[in-house]
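Undergrad: One file is attached below, run26.cif, containing mmCIF, C-alpha atoms.
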data_target
loop_
_atom_site.label_atom_id
_atom_site.label_comp_id
_atom_site.auth_asym_id
_atom_site.auth_seq_id
_atom_site.Cartn_x
_atom_site.Cartn_y
_atom_site.Cartn_z
CA MET A 15 103.32 70.84 89.38
CA LEU A 16 105.92 71.25 92.15
CA ARG A 17 108.22 74.15 93.01
CA VAL A 18 110.62 73.86 95.92
CA GLU A 19 112.28 77.23 96.51
CA ASP A 20 115.47 77.69 98.60
CA LEU A 21 114.30 75.04 101.07
CA TYR A 22 116.03 74.51 104.41
CA VAL A 23 114.76 71.65 106.56
CA ALA A 24 115.81 70.54 110.04
CA VAL A 25 115.21 67.26 111.85
CA GLY A 26 115.61 67.24 115.63
CA GLY A 27 117.22 70.67 115.52
CA LYS A 28 119.84 69.62 112.95
CA THR A 29 119.74 71.21 109.48
CA ILE A 30 119.53 68.49 106.83
CA LEU A 31 118.49 70.30 103.63
CA LYS A 32 120.32 73.46 102.67
CA GLY A 33 118.81 75.70 100.03
CA VAL A 34 117.22 73.06 97.79
CA ASN A 35 115.58 74.28 94.57
CA LEU A 36 113.53 71.79 92.56
CA HIS A 37 110.97 72.32 89.79
CA ILE A 38 108.89 69.45 88.39
CA LYS A 39 106.50 70.09 85.51
CA PRO A 40 103.30 68.12 84.84
CA GLY A 41 104.14 64.90 82.99
CA GLU A 42 107.76 64.80 84.20
CA THR A 43 109.39 62.04 86.22
CA HIS A 44 112.48 63.03 88.20
CA VAL A 45 114.95 60.65 89.85
CA LEU A 46 116.91 61.56 92.97
CA PHE A 47 120.26 59.90 93.74
CA GLY A 48 122.43 60.39 96.80
CA PRO A 49 124.36 58.54 99.49
CA ASN A 50 122.77 57.46 102.77
CA GLY A 51 122.11 60.41 105.08
CA SER A 52 122.21 63.01 102.31
CA GLY A 53 118.61 64.14 102.91
CA LYS A 54 116.65 62.36 100.18
CA SER A 55 113.91 60.98 102.45
CA THR A 56 113.90 64.30 104.30
CA LEU A 57 113.05 66.09 101.06
CA LEU A 58 110.13 63.75 100.34
CA GLY A 59 108.92 64.01 103.95
CA ALA A 60 109.04 67.81 103.82
CA ILE A 61 107.11 67.89 100.53
CA MET A 62 104.49 65.58 102.08
CA GLY A 63 104.34 67.71 105.27
CA PHE A 64 105.34 65.23 107.97
CA ASP A 65 105.77 66.95 111.33
CA ARG A 66 109.29 65.72 112.08
CA TYR A 67 110.64 67.63 109.08
CA GLN A 68 110.71 71.28 110.10
CA VAL A 69 110.91 73.81 107.27
CA THR A 70 113.10 76.58 108.68
CA SER A 71 113.31 78.62 105.47
CA GLY A 72 112.02 78.52 101.92
CA LYS A 73 108.70 77.58 100.29
CA ILE A 74 106.97 74.60 98.71
CA PHE A 75 104.40 75.23 95.96
CA PHE A 76 102.06 72.62 94.49
CA LYS A 77 100.03 73.52 91.40
CA GLY A 78 100.90 77.16 92.10
CA LYS A 79 99.59 77.04 95.69
CA ASP A 80 101.87 77.65 98.69
CA ILE A 81 101.55 74.44 100.73
CA THR A 82 104.47 75.06 103.11
CA SER A 83 102.19 75.33 106.14
CA LEU A 84 99.52 72.81 105.13
CA SER A 85 98.96 69.52 106.95
CA VAL A 86 99.64 66.08 105.48
CA THR A 87 95.88 65.54 105.09
CA GLU A 88 95.45 68.79 103.17
CA ARG A 89 98.34 67.97 100.86
CA ALA A 90 96.98 64.48 100.20
CA LYS A 91 93.57 65.93 99.33
CA LEU A 92 95.24 68.34 96.90
CA GLY A 93 96.81 65.39 95.09
CA ILE A 94 100.17 64.42 96.61
CA GLY A 95 100.85 60.76 97.42
CA ILE A 96 103.85 58.95 98.88
CA SER A 97 105.22 55.42 99.00
CA PHE A 98 107.43 54.80 102.02
CA GLN A 99 110.74 52.99 102.03
CA ARG A 100 109.77 51.27 105.30
CA PRO A 101 106.00 51.66 105.82
CA PRO A 102 104.54 50.80 109.24
CA VAL A 103 102.48 47.77 110.19
CA LEU A 104 98.86 48.65 111.04
CA ARG A 105 97.47 45.99 113.36
CA GLY A 106 93.67 45.86 113.48
CA VAL A 107 93.26 47.64 110.13
CA SER A 108 92.78 45.47 107.07
CA LEU A 109 94.25 46.52 103.75
CA GLY A 110 90.78 46.45 102.23
CA ASP A 111 89.38 48.77 104.91
CA LEU A 112 92.26 51.19 104.44
CA LEU A 113 91.69 51.27 100.69
CA GLN A 114 87.96 51.85 101.12
CA ALA A 115 88.66 54.74 103.50
CA THR A 116 91.00 56.48 101.06
CA ASP A 117 89.03 55.77 97.87
CA ARG A 118 87.44 58.99 96.60
CA GLU A 119 86.83 57.85 93.02
CA GLU A 120 84.76 54.67 93.57
CA ASN A 121 87.52 52.48 92.15
CA ASN A 122 87.07 48.78 91.58
CA ILE A 123 89.59 47.80 94.25
CA ASN A 124 89.61 44.13 93.28
CA GLU A 125 90.44 45.11 89.71
CA LEU A 126 93.38 47.22 90.91
CA ALA A 127 94.56 44.56 93.37
CA GLU A 128 94.60 41.64 90.92
CA PRO A 129 97.61 42.70 88.74
CA LEU A 130 99.56 43.27 91.96
CA ASN A 131 98.68 39.77 93.23
CA LEU A 132 97.03 41.27 96.32
CA LEU A 133 93.45 39.99 96.14
CA SER A 134 94.11 37.53 98.98
CA PHE A 135 95.70 40.28 101.10
CA LEU A 136 92.68 42.60 101.31
CA GLU A 137 91.42 40.95 104.51
CA ARG A 138 94.84 40.95 106.17
CA ASP A 139 96.17 43.65 108.51
CA VAL A 140 98.18 46.25 106.62
CA ASN A 141 101.77 45.01 106.14
CA TYR A 142 101.51 42.50 109.02
CA GLY A 143 103.57 39.46 108.04
CA PHE A 144 104.10 40.83 104.52
CA SER A 145 107.37 40.12 102.71
CA GLY A 146 109.43 43.00 101.30
CA GLY A 147 107.87 42.62 97.87
CA GLU A 148 104.35 42.33 99.29
CA VAL A 149 104.84 45.52 101.31
CA LYS A 150 105.95 47.43 98.21
CA ARG A 151 103.04 46.07 96.16
CA SER A 152 100.68 47.11 98.95
CA GLU A 153 102.12 50.63 98.81
CA MET A 154 101.52 50.74 95.04
CA LEU A 155 97.93 49.57 95.46
CA GLN A 156 97.26 52.28 98.04
CA LEU A 157 98.62 54.91 95.64
CA LEU A 158 96.59 53.56 92.72
CA VAL A 159 93.43 53.92 94.80
CA GLN A 160 94.42 57.43 95.92
CA ASN A 161 95.40 58.37 92.33
CA PRO A 162 97.57 61.41 93.21
CA ASP A 163 98.81 63.97 90.69
CA LEU A 164 102.29 64.04 92.24
CA VAL A 165 103.76 60.66 93.19
CA LEU A 166 106.66 60.51 95.67
CA LEU A 167 108.44 57.13 95.75
CA ASP A 168 111.10 56.40 98.36
CA GLU A 169 113.24 53.52 97.01
CA PRO A 170 110.44 51.46 95.44
CA GLU A 171 112.90 48.66 94.56
CA SER A 172 114.42 48.35 98.06
CA GLY A 173 114.23 44.78 99.40
CA VAL A 174 112.37 43.57 96.30
CA ASP A 175 113.26 40.64 94.04
CA LEU A 176 113.35 40.94 90.24
CA GLU A 177 109.86 39.53 89.72
CA ASN A 178 108.34 42.03 92.13
CA ILE A 179 110.31 44.94 90.65
CA ALA A 180 108.65 44.24 87.29
CA ILE A 181 105.19 44.26 88.92
CA ILE A 182 105.99 47.44 90.84
CA GLY A 183 107.39 49.07 87.70
CA ASP A 184 104.13 48.38 85.86
CA ALA A 185 102.17 49.95 88.75
CA VAL A 186 104.41 53.03 88.79
CA ASN A 187 103.98 53.46 85.03
CA ARG A 188 100.22 53.28 85.48
CA LEU A 189 100.38 55.88 88.26
CA LEU A 190 102.46 58.19 86.08
CA GLN A 191 100.38 57.58 82.92
CA LYS A 192 103.27 55.79 81.22
CA ASP A 193 101.42 52.57 80.41
CA GLY A 194 102.35 52.89 76.74
CA TYR A 195 106.08 53.46 77.00
CA HIS A 196 106.74 50.11 75.28
CA LYS A 197 104.82 51.31 72.21
CA PRO A 198 106.41 52.82 69.06
CA VAL A 199 108.20 56.16 69.44
CA CYS A 200 105.43 58.18 67.77
CA SER A 201 102.82 56.73 70.13
CA ARG A 202 105.05 57.37 73.16
CA ARG A 203 105.53 61.00 72.07
CA GLU A 204 101.77 61.55 71.84
CA ALA A 205 101.29 59.92 75.24
CA LYS A 206 103.95 62.15 76.82
CA GLU A 207 102.31 65.29 75.48
CA SER A 208 98.98 64.33 77.11
CA ARG A 209 100.52 63.13 80.39
CA LYS A 210 99.63 65.16 83.50
CA LYS A 211 100.97 63.10 86.41
CA ALA A 212 104.41 63.87 87.84
CA GLY A 213 106.80 61.80 89.91
CA LEU A 214 109.86 62.08 92.14
CA ILE A 215 111.66 58.78 92.73
CA ILE A 216 114.48 58.10 95.18
CA THR A 217 116.74 55.23 94.11
CA HIS A 218 120.09 53.89 95.32
CA THR A 219 120.57 51.08 92.84
CA GLY A 220 118.89 52.55 89.77
CA TYR A 221 117.13 49.22 89.09
CA ILE A 222 113.77 50.96 88.87
CA LEU A 223 115.03 52.77 85.75
CA ASP A 224 114.94 49.46 83.90
CA TYR A 225 111.15 49.51 84.28
CA VAL A 226 110.17 53.18 84.65
CA PRO A 227 111.45 55.76 82.13
CA ALA A 228 112.58 58.98 83.80
CA ASP A 229 113.19 62.44 82.35
CA ILE A 230 115.57 64.23 84.71
CA GLY A 231 118.12 63.15 87.30
CA HIS A 232 119.45 64.91 90.40
CA VAL A 233 122.14 64.22 92.97
CA LEU A 234 121.52 65.29 96.57
CA TYR A 235 124.84 65.47 98.40
CA HIS A 236 125.36 66.81 101.94
CA GLY A 237 121.87 68.32 101.88
CA GLU A 238 122.34 70.21 98.61
CA LEU A 239 121.31 69.46 95.03
CA SER A 240 124.81 69.21 93.59
CA CYS A 241 123.79 68.63 89.98
CA THR A 242 120.56 68.41 88.05
CA GLY A 243 118.99 68.26 84.61
CA LEU A 244 121.05 65.33 83.34
CA ASN A 245 119.91 62.10 81.75
CA PRO A 246 119.25 59.80 84.76
CA ARG A 247 121.04 56.81 83.25
CA GLU A 248 124.12 58.85 82.34
CA LEU A 249 124.13 60.31 85.84
CA LEU A 250 123.87 56.85 87.40
CA GLY A 251 126.76 55.66 85.24
CA CYS A 252 128.87 58.59 86.43
CA ILE A 253 128.08 57.78 90.07
CA GLN A 254 128.91 54.10 89.57
CA LYS A 255 132.23 54.95 87.90
CA TYR A 256 133.47 57.79 90.10
CA GLY A 257 131.39 57.75 93.30
CA TYR A 258 129.24 60.59 94.58
CA ALA A 259 132.02 62.94 95.71
CA ASP A 260 134.05 62.84 92.50
CA CYS A 261 130.94 62.75 90.33
CA THR A 262 129.39 65.89 91.85
CA ARG A 263 132.76 67.69 91.79
CA CYS A 264 133.26 66.83 88.11
CA LEU A 265 129.75 67.79 87.05
CA ALA A 266 129.91 71.04 89.04
#
Could you take the file, read its structure, and then write that structure out as structure tokens?

TA:
Amino acid sequence: MLRVEDLYVAVGGKTILKGVNLHIKPGETHVLFGPNGSGKSTLLGAIMGFDRYQVTSGKIFFKGKDITSLSVTERAKLGIGISFQRPPVLRGVSLGDLLQATDREENNINELAEPLNLLSFLERDVNYGFSGGEVKRSEMLQLLVQNPDLVLLDEPESGVDLENIAIIGDAVNRLLQKDGYHKPVCSRREAKESRKKAGLIITHTGYILDYVPADIGHVLYHGELSCTGLNPRELLGCIQKYGYADCTRCLA
């Protein structure tokens, strides 16, 4: 689904990412840990193609296609979607109008909005006066309408209370075709084998792992993927016990 090969990315002339290699298969959900300023949001921004993230070396492939030079619009049309940590307010644009403009599958928007408690928000300007939880739920609704094949989530639990995390977790599981992860093991195994959607989730706290099962964990430290391929919960426990520096040194 996604191949990031020896990626170097600069922001404002300063190199942030240094030789990152990341492979995500269809059906996999990866979790990315790392301290503030380590380059996690930079990696998501580079994958999405935002202009401020300048790829100075390396390649990004999506579904086998080199997308390194493609625009954000082209990448979105191919099937990449992102949820921002701090999305902007769009005055003069209602949430409903935005959803209609990005809906390519003739979704029943009201049906998607209801579980997220956003029916009454469709006529409101995007994110204007929204609480932290309402902003995050709005982001999830936009992604559900877009229905991307690769979902990039930048701290979906940031600034969200426990009730909203549960709602957001349900939406993420729907996006990643994990609706049945509460079912018996045999049913979950069958569901995993048929799953096609992939995800990359940035988290500081790890709270989202209580609601969204993940397959592989990574630590991004000083712009480099210091360790990878470990059980995300075990990796989080190591970070909590030893801190990022000692954890990455030990695992290396």

Undergrad: Distance atom CA of A:Leu155-atom CA of A:Thr217, one decimal place?

TA: 19.7 Å

Undergrad: Give one line per residue of stretch 126-238 of chain A that approaches stretch 46-61 of chain A to at most 10 Å, naming the two atoms of the closest pair and their distance in Å to one decimal, counting all atoms listed in the file; sort by chain then ascending residue number and deliver it as a Markdown table.

TA:
| residue | atom | partner | partner_atom | distance |
| --- | --- | --- | --- | --- |
| A:Leu166 | CA | A:Leu58 | CA | 6.7 |
| A:Leu167 | CA | A:Leu58 | CA | 8.2 |
| A:Asp168 | CA | A:Ser55 | CA | 6.8 |
| A:Glu169 | CA | A:Ser55 | CA | 9.3 |
| A:Leu214 | CA | A:Leu46 | CA | 7.1 |
| A:Ile215 | CA | A:Leu46 | CA | 5.9 |
| A:Ile216 | CA | A:Leu46 | CA | 4.8 |
| A:Thr217 | CA | A:Phe47 | CA | 5.9 |
| A:His218 | CA | A:Phe47 | CA | 6.2 |
| A:Thr219 | CA | A:Phe47 | CA | 8.9 |
| A:Gly220 | CA | A:Phe47 | CA | 8.5 |
| A:Ile230 | CA | A:Leu46 | CA | 8.8 |
| A:Gly231 | CA | A:Leu46 | CA | 6.0 |
| A:His232 | CA | A:Leu46 | CA | 4.9 |
| A:Val233 | CA | A:Phe47 | CA | 4.8 |
| A:Leu234 | CA | A:Gly48 | CA | 5.0 |
| A:Tyr235 | CA | A:Ser52 | CA | 5.3 |
| A:His236 | CA | A:Ser52 | CA | 4.9 |
| A:Gly237 | CA | A:Ser52 | CA | 5.3 |
| A:Glu238 | CA | A:Ser52 | CA | 8.1 |

Undergrad: Could you give me, as a ChimeraX atom specification, the residues within 12 Å of A:Thr43, counting all atoms listed in the file and dropping anything in the same chain fewer than 4 positions from it?

TA: /A:15-16,37-39,163-167,186-187,189-192,206,209-216,223,226-232,243,245-246

Undergrad: Rounded to one decimal in Å, what is the spacing between atom CA of A:Val86 and atom CA of A:Asp117?

TA: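 Atom-to-atom, atom CA of A:Val86 and atom CA of A:Asp117 are spaced 16.6 Å apart.
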
Undergrad: So which one's closest to A:Glu137, A:Gln99, A:Ser172, A:Thr116, A:Ser108? Using all atoms listed in the file, please.

TA: A:Ser108

Undergrad: What is the atom CA of A:Glu171-atom CA of A:Leu132 distance in Å, reported with one decimal?

TA: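 Atom CA of A:Leu132 lies at a distance of 17.6 Å from atom CA of A:Glu171.
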